[in-house]
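Heads up, final.cif below (mmCIF, C-alpha atoms):
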```
data_model
#
loop_
_atom_site.label_atom_id
_atom_site.label_comp_id
_atom_site.auth_asym_id
_atom_site.auth_seq_id
_atom_site.Cartn_x
_atom_site.Cartn_y
_atom_site.Cartn_z
CA MET Y 1 26.33 37.96 11.36
CA THR Y 2 26.10 37.44 15.11
CA ALA Y 3 27.29 34.02 16.26
CA VAL Y 4 24.77 31.87 18.10
CA PRO Y 5 25.98 31.02 21.62
CA THR Y 6 26.95 27.38 21.93
CA ASP Y 7 24.76 27.00 25.01
CA CYS Y 8 21.64 28.23 23.20
CA PRO Y 9 19.10 25.36 23.14
CA THR Y 10 18.24 24.13 19.66
CA HIS Y 11 14.97 22.61 20.93
CA GLN Y 12 12.22 24.46 22.75
CA PHE Y 13 9.70 21.81 23.84
CA LEU Y 14 6.14 22.56 24.94
CA PHE Y 15 4.39 19.68 26.71
CA LEU Y 16 0.59 19.45 26.87
CA GLN Y 17 -1.36 16.67 28.62
CA GLY Y 18 0.41 13.37 29.20
CA PRO Y 19 -0.36 9.92 30.57
CA HIS Y 20 -1.38 9.81 34.24
CA GLY Y 21 1.66 9.76 36.47
CA PRO Y 22 5.20 11.17 36.41
CA PHE Y 23 6.35 10.10 32.92
CA PHE Y 24 6.15 13.55 31.29
CA HIS Y 25 8.04 15.11 34.21
CA ARG Y 26 10.83 12.51 33.96
CA LEU Y 27 10.98 12.96 30.20
CA ALA Y 28 11.30 16.73 30.58
CA GLN Y 29 14.16 16.29 33.05
CA MET Y 30 16.05 14.14 30.56
CA LEU Y 31 15.47 16.59 27.70
CA ARG Y 32 16.78 19.45 29.84
CA LYS Y 33 19.91 17.46 30.62
CA ALA Y 34 20.37 17.06 26.86
CA GLY Y 35 20.36 20.85 26.49
CA ALA Y 36 16.75 21.52 25.51
CA GLU Y 37 14.36 24.01 27.12
CA VAL Y 38 11.04 22.55 28.27
CA TRP Y 39 7.70 24.14 29.13
CA ARG Y 40 4.46 22.50 30.25
CA VAL Y 41 0.89 23.75 29.90
CA GLY Y 42 -1.36 22.43 32.66
CA PHE Y 43 -5.14 22.43 32.31
CA ASN Y 44 -6.14 21.16 35.75
CA ALA Y 45 -4.84 20.22 39.18
CA GLY Y 46 -4.03 16.69 38.03
CA ASP Y 47 -1.63 18.02 35.40
CA ARG Y 48 -0.05 20.29 38.03
CA ALA Y 49 0.33 17.51 40.61
CA PHE Y 50 2.50 15.39 38.32
CA TRP Y 51 4.72 18.27 37.19
CA PHE Y 52 6.92 18.42 40.26
CA GLY Y 53 8.13 21.95 40.98
CA SER Y 54 7.05 25.16 39.28
CA TYR Y 55 9.90 25.51 36.79
CA GLY Y 56 8.55 25.65 33.23
CA TYR Y 57 4.92 25.20 34.30
CA ILE Y 58 2.29 27.36 32.55
CA PRO Y 59 -1.24 27.07 33.98
CA TYR Y 60 -4.04 27.54 31.49
CA ARG Y 61 -7.07 29.04 33.26
CA GLY Y 62 -8.90 30.34 30.21
CA THR Y 63 -11.98 28.98 28.53
CA PRO Y 64 -11.94 26.22 25.91
CA GLU Y 65 -13.08 28.80 23.34
CA ASP Y 66 -9.97 30.91 23.98
CA TRP Y 67 -7.52 28.02 23.72
CA PRO Y 68 -6.84 28.10 19.92
CA SER Y 69 -5.70 31.73 19.99
CA THR Y 70 -3.82 31.20 23.26
CA ILE Y 71 -1.81 28.24 22.02
CA ALA Y 72 -0.94 29.99 18.76
CA ALA Y 73 0.37 33.00 20.68
CA LEU Y 74 2.24 30.83 23.19
CA LEU Y 75 4.04 28.89 20.47
CA ALA Y 76 5.27 32.13 18.94
CA GLU Y 77 6.12 33.84 22.24
CA LYS Y 78 8.26 30.96 23.55
CA GLN Y 79 9.74 30.27 20.09
CA ILE Y 80 8.63 26.67 20.45
CA THR Y 81 10.24 24.19 18.06
CA ASP Y 82 8.49 21.02 19.29
CA ILE Y 83 5.21 20.17 21.05
CA VAL Y 84 4.73 16.93 22.98
CA LEU Y 85 1.38 15.35 23.80
CA TYR Y 86 -0.32 12.10 24.71
CA GLY Y 87 -2.94 11.29 22.11
CA ASP Y 88 -3.79 13.69 19.29
CA THR Y 89 -7.58 13.61 19.09
CA ARG Y 90 -8.87 15.31 22.27
CA THR Y 91 -10.00 18.80 21.33
CA ILE Y 92 -7.25 20.80 23.06
CA HIS Y 93 -4.60 18.59 21.47
CA ALA Y 94 -6.11 18.61 18.00
CA GLN Y 95 -6.26 22.41 18.10
CA ALA Y 96 -2.66 22.59 19.32
CA VAL Y 97 -1.54 20.29 16.50
CA ASP Y 98 -3.24 22.57 13.96
CA ALA Y 99 -1.50 25.62 15.44
CA ALA Y 100 1.87 23.86 15.49
CA ARG Y 101 1.61 22.77 11.87
CA ALA Y 102 0.72 26.33 10.84
CA GLN Y 103 3.99 27.50 12.40
CA GLY Y 104 6.14 24.63 11.12
CA ILE Y 105 6.59 23.10 14.58
CA THR Y 106 7.38 19.39 15.06
CA VAL Y 107 4.60 17.40 16.75
CA HIS Y 108 5.65 14.49 19.00
CA VAL Y 109 2.79 12.14 19.91
CA PHE Y 110 2.87 9.40 22.54
CA GLU Y 111 0.23 6.70 22.82
CA GLU Y 112 -0.23 3.27 24.32
CA GLY Y 113 1.77 0.83 22.24
CA TYR Y 114 0.43 -0.65 19.04
CA MET Y 115 2.25 -3.73 20.33
CA ARG Y 116 1.16 -3.23 23.93
CA PRO Y 117 1.57 -4.00 26.72
CA TRP Y 118 5.38 -3.91 26.76
CA TRP Y 119 5.90 -1.19 24.16
CA VAL Y 120 4.69 2.38 23.80
CA THR Y 121 4.03 4.25 20.57
CA TYR Y 122 6.09 7.30 19.62
CA GLU Y 123 5.29 9.02 16.32
CA ARG Y 124 5.48 12.45 14.80
CA GLY Y 125 2.43 14.19 13.41
CA GLY Y 126 -0.22 11.76 14.65
CA THR Y 127 -1.07 8.26 15.86
CA ASN Y 128 -3.71 5.63 15.14
CA GLY Y 129 -5.94 6.87 12.31
CA ASN Y 130 -3.71 9.95 11.90
CA SER Y 131 -0.49 7.95 11.70
CA ARG Y 132 1.82 7.84 8.70
CA LEU Y 133 1.33 4.08 8.84
CA MET Y 134 -2.16 4.49 7.40
CA ASP Y 135 -0.69 5.39 4.01
CA MET Y 136 2.09 2.78 3.99
CA THR Y 137 1.80 -0.61 2.32
CA VAL Y 138 3.41 -3.76 3.61
CA ALA Y 139 5.61 -3.69 0.51
CA ASP Y 140 6.87 -0.23 1.55
CA MET Y 141 7.75 -1.58 4.98
CA THR Y 142 9.50 -4.65 3.58
CA ARG Y 143 11.73 -2.47 1.41
CA ALA Y 144 12.65 -0.27 4.38
CA LEU Y 145 13.66 -3.36 6.37
CA GLU Y 146 16.47 -4.10 3.95
CA MET Y 147 18.60 -1.84 6.15
CA SER Y 148 17.85 -3.92 9.25
CA ASP Y 149 18.61 -7.37 10.61
CA LEU Y 150 16.79 -6.99 13.94
CA ASP Y 151 16.13 -10.15 15.91
CA VAL Y 152 12.48 -9.43 16.73
CA PRO Y 153 11.69 -9.86 20.45
CA GLU Y 154 8.76 -11.98 21.58
CA PRO Y 155 5.93 -10.13 23.32
CA PRO Y 156 5.42 -10.93 27.01
CA ALA Y 157 2.12 -12.63 27.82
CA ARG Y 158 1.38 -10.46 30.85
CA TRP Y 159 0.62 -6.88 31.78
CA GLY Y 160 3.46 -5.05 33.44
CA ASP Y 161 1.92 -1.79 34.68
CA MET Y 162 -1.79 -2.34 35.24
CA ARG Y 163 -1.89 -1.68 39.00
CA GLN Y 164 0.22 1.45 38.60
CA HIS Y 165 -1.97 2.59 35.70
CA VAL Y 166 -5.14 2.32 37.78
CA PHE Y 167 -3.47 3.93 40.82
CA TYR Y 168 -2.26 6.97 38.89
CA GLY Y 169 -5.63 7.31 37.18
CA ALA Y 170 -7.43 7.36 40.53
CA LEU Y 171 -4.92 9.84 41.99
CA TYR Y 172 -5.12 12.15 38.97
CA HIS Y 173 -8.92 12.31 39.12
CA TRP Y 174 -8.79 12.90 42.88
CA PHE Y 175 -6.70 16.03 42.33
CA VAL Y 176 -9.06 17.26 39.61
CA LEU Y 177 -12.08 16.61 41.81
CA PHE Y 178 -10.84 18.16 45.06
CA ARG Y 179 -8.05 20.59 44.11
CA ASN Y 180 -9.24 22.18 40.90
CA GLY Y 181 -10.29 25.59 42.21
CA ASP Y 182 -7.66 27.43 40.17
CA TYR Y 183 -8.95 25.88 36.92
CA ARG Y 184 -12.64 26.80 36.97
CA HIS Y 185 -12.98 26.76 33.18
CA PHE Y 186 -11.48 23.31 32.71
CA ARG Y 187 -13.66 21.09 30.54
CA ARG Y 188 -12.94 17.38 30.38
CA HIS Y 189 -12.67 15.54 27.04
CA ARG Y 190 -14.88 12.75 28.42
CA ASP Y 191 -18.65 12.91 28.87
CA LEU Y 192 -18.85 11.11 32.23
CA PRO Y 193 -19.11 13.41 35.30
CA LEU Y 194 -15.81 13.73 37.14
CA VAL Y 195 -17.26 12.57 40.46
CA THR Y 196 -18.51 9.39 38.83
CA GLU Y 197 -15.24 8.66 37.07
CA THR Y 198 -13.19 9.25 40.21
CA TRP Y 199 -15.44 6.88 42.13
CA LEU Y 200 -15.22 4.24 39.40
CA TYR Y 201 -11.41 4.38 39.38
CA THR Y 202 -11.28 4.16 43.18
CA LYS Y 203 -13.77 1.29 43.31
CA ARG Y 204 -11.82 -0.62 40.68
CA LEU Y 205 -8.59 -0.18 42.63
CA ILE Y 206 -10.20 -1.42 45.87
CA LEU Y 207 -12.05 -4.34 44.29
CA MET Y 208 -9.22 -5.62 42.09
CA PRO Y 209 -9.03 -9.01 43.92
CA TYR Y 210 -12.79 -9.54 43.51
CA PHE Y 211 -12.73 -8.67 39.81
CA ALA Y 212 -9.76 -10.98 39.33
CA LEU Y 213 -11.74 -13.87 40.85
CA GLN Y 214 -14.67 -13.15 38.53
CA ARG Y 215 -12.35 -13.20 35.50
CA ARG Y 216 -10.76 -16.48 36.50
CA MET Y 217 -14.16 -18.12 36.92
CA ALA Y 218 -15.43 -16.84 33.55
CA THR Y 219 -12.22 -17.86 31.81
CA ALA Y 220 -12.35 -21.33 33.35
CA ARG Y 221 -15.92 -21.86 32.08
CA ILE Y 222 -14.72 -21.04 28.57
CA LYS Y 223 -11.50 -23.03 28.80
CA TYR Y 224 -13.17 -26.18 30.04
CA GLY Y 225 -16.39 -25.78 28.06
CA GLY Y 226 -15.02 -27.74 25.11
CA PHE Y 227 -16.70 -25.55 22.48
CA PRO Y 228 -15.18 -23.59 19.57
CA TYR Y 229 -15.50 -19.86 20.15
CA HIS Y 230 -15.04 -16.48 18.49
CA LEU Y 231 -13.50 -13.66 20.51
CA VAL Y 232 -14.70 -10.04 20.51
CA LEU Y 233 -12.16 -7.47 21.70
CA LEU Y 234 -14.03 -4.61 23.34
CA GLN Y 235 -12.67 -1.09 23.80
CA LEU Y 236 -13.46 1.78 26.13
CA GLU Y 237 -16.39 3.70 24.67
CA HIS Y 238 -14.63 7.01 25.38
CA ASP Y 239 -11.37 5.84 23.78
CA SER Y 240 -10.19 8.20 21.05
CA SER Y 241 -9.69 5.40 18.51
CA PHE Y 242 -13.28 4.26 19.00
CA ARG Y 243 -14.78 7.74 18.88
CA LYS Y 244 -12.66 9.32 16.15
CA HIS Y 245 -11.68 6.41 13.92
CA SER Y 246 -14.73 4.14 13.79
CA PRO Y 247 -18.20 4.21 12.19
CA PHE Y 248 -19.95 3.82 15.56
CA THR Y 249 -21.29 6.47 17.94
CA SER Y 250 -21.80 4.00 20.80
CA MET Y 251 -20.58 0.58 21.88
CA ALA Y 252 -24.16 -0.71 21.73
CA GLU Y 253 -24.17 -0.26 17.94
CA PHE Y 254 -21.07 -2.44 17.62
CA LEU Y 255 -22.43 -5.08 20.00
CA ASP Y 256 -25.68 -5.35 18.03
CA ILE Y 257 -23.86 -5.86 14.71
CA VAL Y 258 -21.56 -8.53 16.14
CA ILE Y 259 -24.29 -10.53 17.88
CA ASP Y 260 -26.52 -10.35 14.81
CA GLY Y 261 -23.66 -11.52 12.54
CA PHE Y 262 -22.86 -14.36 14.92
CA ALA Y 263 -26.50 -15.50 15.09
CA LYS Y 264 -26.78 -15.50 11.29
CA GLY Y 265 -23.44 -16.98 10.32
CA ALA Y 266 -21.70 -19.01 13.03
CA PRO Y 267 -22.21 -22.79 13.26
CA ARG Y 268 -24.72 -23.67 15.96
CA HIS Y 269 -22.16 -25.35 18.19
CA HIS Y 270 -19.88 -22.28 18.21
CA HIS Y 271 -19.86 -19.71 21.03
CA LEU Y 272 -19.13 -15.98 21.21
CA VAL Y 273 -16.86 -14.51 23.91
CA PHE Y 274 -16.76 -10.77 24.67
CA LYS Y 275 -13.62 -9.62 26.45
CA ALA Y 276 -13.75 -6.21 28.12
CA HIS Y 277 -10.89 -3.74 28.00
CA PRO Y 278 -8.55 -4.15 31.02
CA LEU Y 279 -9.43 -0.62 32.19
CA GLU Y 280 -13.21 -1.01 31.80
CA ASN Y 281 -14.57 0.38 35.07
CA GLY Y 282 -18.28 -0.25 34.81
CA ARG Y 283 -19.32 3.13 33.39
CA SER Y 284 -21.74 1.27 31.11
CA PRO Y 285 -23.59 -2.02 31.78
CA LEU Y 286 -21.83 -4.00 29.06
CA TRP Y 287 -22.71 -7.50 30.24
CA ARG Y 288 -26.37 -6.65 30.74
CA THR Y 289 -26.55 -5.09 27.26
CA ILE Y 290 -24.84 -8.11 25.68
CA ARG Y 291 -27.11 -10.53 27.51
CA GLU Y 292 -30.27 -8.72 26.42
CA MET Y 293 -29.14 -8.56 22.78
CA ALA Y 294 -28.13 -12.22 22.78
CA GLU Y 295 -31.52 -13.16 24.25
CA ALA Y 296 -33.29 -11.24 21.49
CA LYS Y 297 -31.25 -13.07 18.81
CA GLY Y 298 -31.80 -16.50 20.36
CA VAL Y 299 -28.13 -17.13 21.24
CA ARG Y 300 -28.13 -16.31 24.97
CA ASP Y 301 -26.72 -19.71 26.00
CA ARG Y 302 -23.79 -19.34 23.55
CA VAL Y 303 -22.57 -15.89 24.59
CA HIS Y 304 -20.02 -15.18 27.34
CA TYR Y 305 -18.42 -12.10 28.94
CA VAL Y 306 -14.97 -11.77 30.52
CA GLY Y 307 -14.26 -8.60 32.47
CA GLY Y 308 -10.73 -7.73 31.37
CA GLY Y 309 -7.67 -9.75 32.34
CA LYS Y 310 -5.00 -11.28 30.14
CA LEU Y 311 -5.84 -11.69 26.50
CA ALA Y 312 -3.37 -14.50 25.83
CA ARG Y 313 -5.39 -17.07 27.78
CA LEU Y 314 -8.45 -16.50 25.61
CA LEU Y 315 -6.55 -16.23 22.33
CA ASP Y 316 -4.93 -19.63 22.80
CA HIS Y 317 -8.12 -21.41 21.65
CA ALA Y 318 -10.04 -18.72 19.72
CA ARG Y 319 -11.20 -19.51 16.18
CA THR Y 320 -11.49 -15.85 15.10
CA ALA Y 321 -11.46 -12.36 16.58
CA VAL Y 322 -13.58 -9.26 15.94
CA THR Y 323 -12.93 -5.67 17.00
CA VAL Y 324 -13.60 -2.06 16.08
CA ASN Y 325 -9.93 -1.07 15.98
CA SER Y 326 -8.38 -2.24 19.25
CA THR Y 327 -4.59 -2.42 19.36
CA ALA Y 328 -5.04 -5.81 21.06
CA ALA Y 329 -5.73 -7.13 17.55
CA GLN Y 330 -1.96 -7.12 17.04
CA GLN Y 331 -1.80 -10.15 19.35
CA VAL Y 332 -4.48 -11.81 17.24
CA LEU Y 333 -2.49 -11.35 14.04
CA TRP Y 334 0.73 -12.44 15.70
CA ARG Y 335 -0.94 -15.79 16.37
CA GLY Y 336 -2.29 -16.10 12.81
CA ILE Y 337 -5.94 -15.93 13.91
CA PRO Y 338 -8.53 -14.61 11.39
CA LEU Y 339 -9.50 -11.02 12.18
CA LYS Y 340 -12.44 -8.76 11.31
CA VAL Y 341 -12.02 -4.99 11.86
CA PHE Y 342 -14.67 -2.26 11.56
CA GLY Y 343 -12.71 0.96 12.15
CA ARG Y 344 -9.56 2.65 10.90
CA ALA Y 345 -6.43 1.03 12.33
CA VAL Y 346 -2.75 1.01 11.47
CA TYR Y 347 -2.83 -2.80 11.11
CA ALA Y 348 -5.92 -2.90 8.87
CA LYS Y 349 -3.97 -3.97 5.79
CA PRO Y 350 -5.61 -6.15 3.12
CA GLU Y 351 -3.06 -8.89 3.79
CA PHE Y 352 -4.23 -9.26 7.39
CA VAL Y 353 -7.92 -8.51 7.90
CA ALA Y 354 -11.14 -9.91 6.48
CA THR Y 355 -13.11 -7.69 4.11
CA GLY Y 356 -16.36 -9.63 3.62
CA ALA Y 357 -19.65 -9.59 5.53
CA LEU Y 358 -19.55 -10.56 9.19
CA PRO Y 359 -21.90 -13.61 8.92
CA ASP Y 360 -19.65 -15.02 6.18
CA PHE Y 361 -16.60 -14.34 8.35
CA PHE Y 362 -18.07 -16.35 11.24
CA ALA Y 363 -19.12 -19.14 8.89
CA GLN Y 364 -15.85 -19.55 6.98
CA PRO Y 365 -12.99 -17.24 8.01
CA GLY Y 366 -9.78 -16.89 6.03
CA ARG Y 367 -6.41 -16.81 7.74
CA PRO Y 368 -4.18 -13.72 7.59
CA ASP Y 369 -0.92 -13.71 5.63
CA THR Y 370 1.40 -14.41 8.56
CA ARG Y 371 4.58 -13.88 6.55
CA ALA Y 372 3.46 -10.39 5.58
CA TYR Y 373 2.44 -9.69 9.17
CA LYS Y 374 5.91 -10.65 10.43
CA ASP Y 375 7.41 -7.99 8.17
CA TYR Y 376 4.83 -5.47 9.35
CA ARG Y 377 5.45 -6.26 13.02
CA ARG Y 378 9.20 -6.15 12.58
CA TYR Y 379 8.89 -2.75 10.87
CA LEU Y 380 6.92 -1.31 13.80
CA LEU Y 381 9.37 -2.65 16.35
CA GLU Y 382 12.21 -0.99 14.42
CA THR Y 383 10.43 2.36 14.28
CA SER Y 384 7.51 3.62 16.37
CA GLN Y 385 7.33 0.91 19.05
CA VAL Y 386 9.70 1.65 21.92
CA PRO Y 387 10.32 -0.87 24.75
CA GLY Y 388 9.05 0.33 28.11
CA GLY Y 389 5.94 1.88 29.60
CA PHE Y 390 4.48 4.99 31.20
CA TYR Y 391 3.40 3.81 34.62
CA SER Y 392 5.90 1.71 36.58
CA ALA Y 393 9.36 3.05 37.45
CA ARG Y 394 11.21 0.20 35.72
CA SER Y 395 9.17 0.64 32.54
CA ARG Y 396 9.81 4.38 32.47
CA ARG Y 397 13.55 3.83 32.86
CA GLN Y 398 13.59 1.47 29.90
CA LEU Y 399 11.55 3.86 27.77
CA LEU Y 400 13.65 6.93 28.58
CA ARG Y 401 16.88 5.19 27.60
CA GLN Y 402 15.73 5.20 23.99
CA VAL Y 403 12.99 7.72 23.34
CA VAL Y 404 14.88 10.91 24.27
CA ASP Y 405 17.40 10.37 21.48
CA MET Y 406 14.53 9.64 19.09
CA MET Y 407 12.87 12.95 19.98
CA LEU Y 408 16.09 14.90 19.48
CA SER Y 409 16.78 13.31 16.10
CA ASP Y 410 16.25 15.33 12.92
CA GLU Y 411 14.29 12.42 11.42
CA ASP Y 412 11.17 10.69 12.63
CA PRO Y 413 11.42 6.94 13.33
CA TYR Y 414 10.16 5.91 9.89
CA ASP Y 415 12.52 8.15 7.92
CA ALA Y 416 15.44 7.23 10.18
CA LEU Y 417 15.03 3.55 9.31
CA LYS Y 418 14.70 4.28 5.61
CA SER Y 419 17.89 6.39 5.61
CA GLY Y 420 19.84 3.85 7.64
CA LYS Y 421 20.26 6.22 10.61
CA ALA Y 422 17.95 4.54 13.10
CA ALA Y 423 19.59 3.87 16.46
CA PRO Y 424 20.09 0.20 17.39
CA ARG Y 425 17.15 -1.12 19.38
CA GLN Y 426 17.68 -2.51 22.83
CA PRO Y 427 16.40 -6.07 23.37
CA LEU Y 428 13.18 -6.46 25.27
CA ARG Y 429 13.97 -7.34 28.88
CA ILE Y 430 11.27 -8.54 31.25
CA VAL Y 431 12.09 -7.76 34.86
CA LYS Y 432 10.15 -9.90 37.32
#
```
Mind converting the file's structure to structure tokens?
Amino acid sequence: MTAVPTDCPTHQFLFLQGPHGPFFHRLAQMLRKAGAEVWRVGFNAGDRAFWFGSYGYIPYRGTPEDWPSTIAALLAEKQITDIVLYGDTRTIHAQAVDAARAQGITVHVFEEGYMRPWWVTYERGGTNGNSRLMDMTVADMTRALEMSDLDVPEPPARWGDMRQHVFYGALYHWFVLFRNGDYRHFRRHRDLPLVTETWLYTKRLILMPYFALQRRMATARIKYGGFPYHLVLLQLEHDSSFRKHSPFTSMAEFLDIVIDGFAKGAPRHHHLVFKAHPLENGRSPLWRTIREMAEAKGVRDRVHYVGGGKLARLLDHARTAVTVNSTAAQQVLWRGIPLKVFGRAVYAKPEFVATGALPDFFAQPGRPDTRAYKDYRRYLLETSQVPGGFYSARSRRQLLRQVVDMMLSDEDPYDALKSGKAAPRQPLRIVK
């Protein structure tokens, strides 16, 4: 038998699309230093712009229809052992995951943190509604924690990377809009025209101070209004969790159900507060839609809208919270606030979320089992939630210190904890 050279890489990574910005490039550099080989498929000029240098870059200029056969052939040709992607539901990623599974290849999936904003999610196989967490019970998690005595860090009550997130999003779309001549067949996974989305990102970046003033004024009216209120956590309509793991085809459907349930069930002195996603850029007239629906239900003077901003300020006095399946609901449960969920979510365990009709929930909500939630939260922070972020340099440094070893491990984060082989977690450090 021929001996395998000691310098032969045991991992052949293929990266697909990542978060906007340089995170995937920095991650690839670290994996190469660890001895792995890394390739990257780019689908547009934005992908190319953030993969600095040509080494390992593979442009895909084919049609979407040709992608399934192309990725299957590429995995075999490069003898890929691992694929890495950001989100697993966009069509090109879902098809790549299917091809990888058919060839026995490990799938590494990054997402925004279930415990965001100061953690990111790293799982194998899938995230959100495709996560292994969907089939785990809280009792399973509690048993696995017998191997751990982690002192659970407190979540910071502020966003760390929002300006960088918006900046990289605007820059990415600029490259796709003005430098995409080599990728004529590229088809976006979002329905909004690219020109419109680029303009919306740019406008949001320029008008950040104005939007911040609007949020402060709206929040102040709620804070000093002296009324009990229920909080609705809105999501981006194009978000994969909303589109793939919920019963709704549009945000308007969700808004109508919530306002109707509030009008039928909430006490007459209670109010309803809609909080937009921090990255909502005005692609749809949410406030106008909410206002018209509230007017039709006779509750117009009891309904409010806050355009993004920090969730903690609104949660401090909220009576309940409602969402489709936003990860922001983790902050709701952490505070012991009653929660109603409509979609598939990793935290939608019977110990935590309400199961009855929405009018009944508004009328007389039941509190979540906070002891069970503490075990659940601790389990996530020991496994799939990694301190750091994708967008600012300091957040990337913190993330890379831990996640590279997790990717090179033979076990995924959940199995590593169960077997007692999980690496010690670094404490959460907030750099101001």
Taking the file as shown, find all residues satisfying the PyMOL selection byres ((chain Y and resi 11) around 6) and write them as a list of chain:residue names.
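With the shown file as input, the PyMOL selection byres ((chain Y and resi 11) around 6) matches Y:Pro9, Y:Thr10, Y:Gln12, Y:Ala36, Y:Thr81.
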Selection from above, C-alpha atoms, as a PDB file, keeping the file's coordinate frame, can you write it?
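As a result, again_30.pdb now contains:
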```pdb
ATOM      1  CA  PRO Y   9      19.100  25.360  23.140  1.00  0.00           C
ATOM      2  CA  THR Y  10      18.240  24.130  19.660  1.00  0.00           C
ATOM      3  CA  GLN Y  12      12.220  24.460  22.750  1.00  0.00           C
ATOM      4  CA  ALA Y  36      16.750  21.520  25.510  1.00  0.00           C
ATOM      5  CA  THR Y  81      10.240  24.190  18.060  1.00  0.00           C
TER       6      THR Y  81
END
```
Translate the PyMOL selection byres ((chain Y and resi 125) around 9) into a concrete residue list for this structure, as a list of chain:residue names.
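Answer for the PyMOL selection byres ((chain Y and resi 125) around 9): Y:Asp88, Y:Val97, Y:Arg101, Y:Thr106, Y:Val107, Y:His108, Y:Val109, Y:Glu123, Y:Arg124, Y:Gly126, Y:Thr127, Y:Asn130, Y:Ser131, Y:Arg132.
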Any chance you could resolve the PyMOL selection byres ((chain Y and resi 371-379) around 10) against this file and give the residues as a VMD selection string?
chain Y and resid 114 to 115 137 to 145 148 to 153 330 333 to 334 336 347 349 351 to 352 368 to 370 380 to 385 414 417
May I have the residues from that selection written out with C-alpha atoms, as a PDB file, keeping the file's coordinate frame?
```
ATOM      1  CA  TYR Y 114       0.430  -0.650  19.040  1.00  0.00           C
ATOM      2  CA  MET Y 115       2.250  -3.730  20.330  1.00  0.00           C
ATOM      3  CA  THR Y 137       1.800  -0.610   2.320  1.00  0.00           C
ATOM      4  CA  VAL Y 138       3.410  -3.760   3.610  1.00  0.00           C
ATOM      5  CA  ALA Y 139       5.610  -3.690   0.510  1.00  0.00           C
ATOM      6  CA  ASP Y 140       6.870  -0.230   1.550  1.00  0.00           C
ATOM      7  CA  MET Y 141       7.750  -1.580   4.980  1.00  0.00           C
ATOM      8  CA  THR Y 142       9.500  -4.650   3.580  1.00  0.00           C
ATOM      9  CA  ARG Y 143      11.730  -2.470   1.410  1.00  0.00           C
ATOM     10  CA  ALA Y 144      12.650  -0.270   4.380  1.00  0.00           C
ATOM     11  CA  LEU Y 145      13.660  -3.360   6.370  1.00  0.00           C
ATOM     12  CA  SER Y 148      17.850  -3.920   9.250  1.00  0.00           C
ATOM     13  CA  ASP Y 149      18.610  -7.370  10.610  1.00  0.00           C
ATOM     14  CA  LEU Y 150      16.790  -6.990  13.940  1.00  0.00           C
ATOM     15  CA  ASP Y 151      16.130 -10.150  15.910  1.00  0.00           C
ATOM     16  CA  VAL Y 152      12.480  -9.430  16.730  1.00  0.00           C
ATOM     17  CA  PRO Y 153      11.690  -9.860  20.450  1.00  0.00           C
ATOM     18  CA  GLN Y 330      -1.960  -7.120  17.040  1.00  0.00           C
ATOM     19  CA  LEU Y 333      -2.490 -11.350  14.040  1.00  0.00           C
ATOM     20  CA  TRP Y 334       0.730 -12.440  15.700  1.00  0.00           C
ATOM     21  CA  GLY Y 336      -2.290 -16.100  12.810  1.00  0.00           C
ATOM     22  CA  TYR Y 347      -2.830  -2.800  11.110  1.00  0.00           C
ATOM     23  CA  LYS Y 349      -3.970  -3.970   5.790  1.00  0.00           C
ATOM     24  CA  GLU Y 351      -3.060  -8.890   3.790  1.00  0.00           C
ATOM     25  CA  PHE Y 352      -4.230  -9.260   7.390  1.00  0.00           C
ATOM     26  CA  PRO Y 368      -4.180 -13.720   7.590  1.00  0.00           C
ATOM     27  CA  ASP Y 369      -0.920 -13.710   5.630  1.00  0.00           C
ATOM     28  CA  THR Y 370       1.400 -14.410   8.560  1.00  0.00           C
ATOM     29  CA  LEU Y 380       6.920  -1.310  13.800  1.00  0.00           C
ATOM     30  CA  LEU Y 381       9.370  -2.650  16.350  1.00  0.00           C
ATOM     31  CA  GLU Y 382      12.210  -0.990  14.420  1.00  0.00           C
ATOM     32  CA  THR Y 383      10.430   2.360  14.280  1.00  0.00           C
ATOM     33  CA  SER Y 384       7.510   3.620  16.370  1.00  0.00           C
ATOM     34  CA  GLN Y 385       7.330   0.910  19.050  1.00  0.00           C
ATOM     35  CA  TYR Y 414      10.160   5.910   9.890  1.00  0.00           C
ATOM     36  CA  LEU Y 417      15.030   3.550   9.310  1.00  0.00           C
TER      37      LEU Y 417
END
```
In Å, rounded to a single decimal, give me how far CA of Trp119 in chain Y is from CA of Gly388 in chain Y.
5.3 Å
In Å and to one decimal, CA of Ile71 in chain Y is distant from CA of Gly18 in chain Y by 16.7 Å
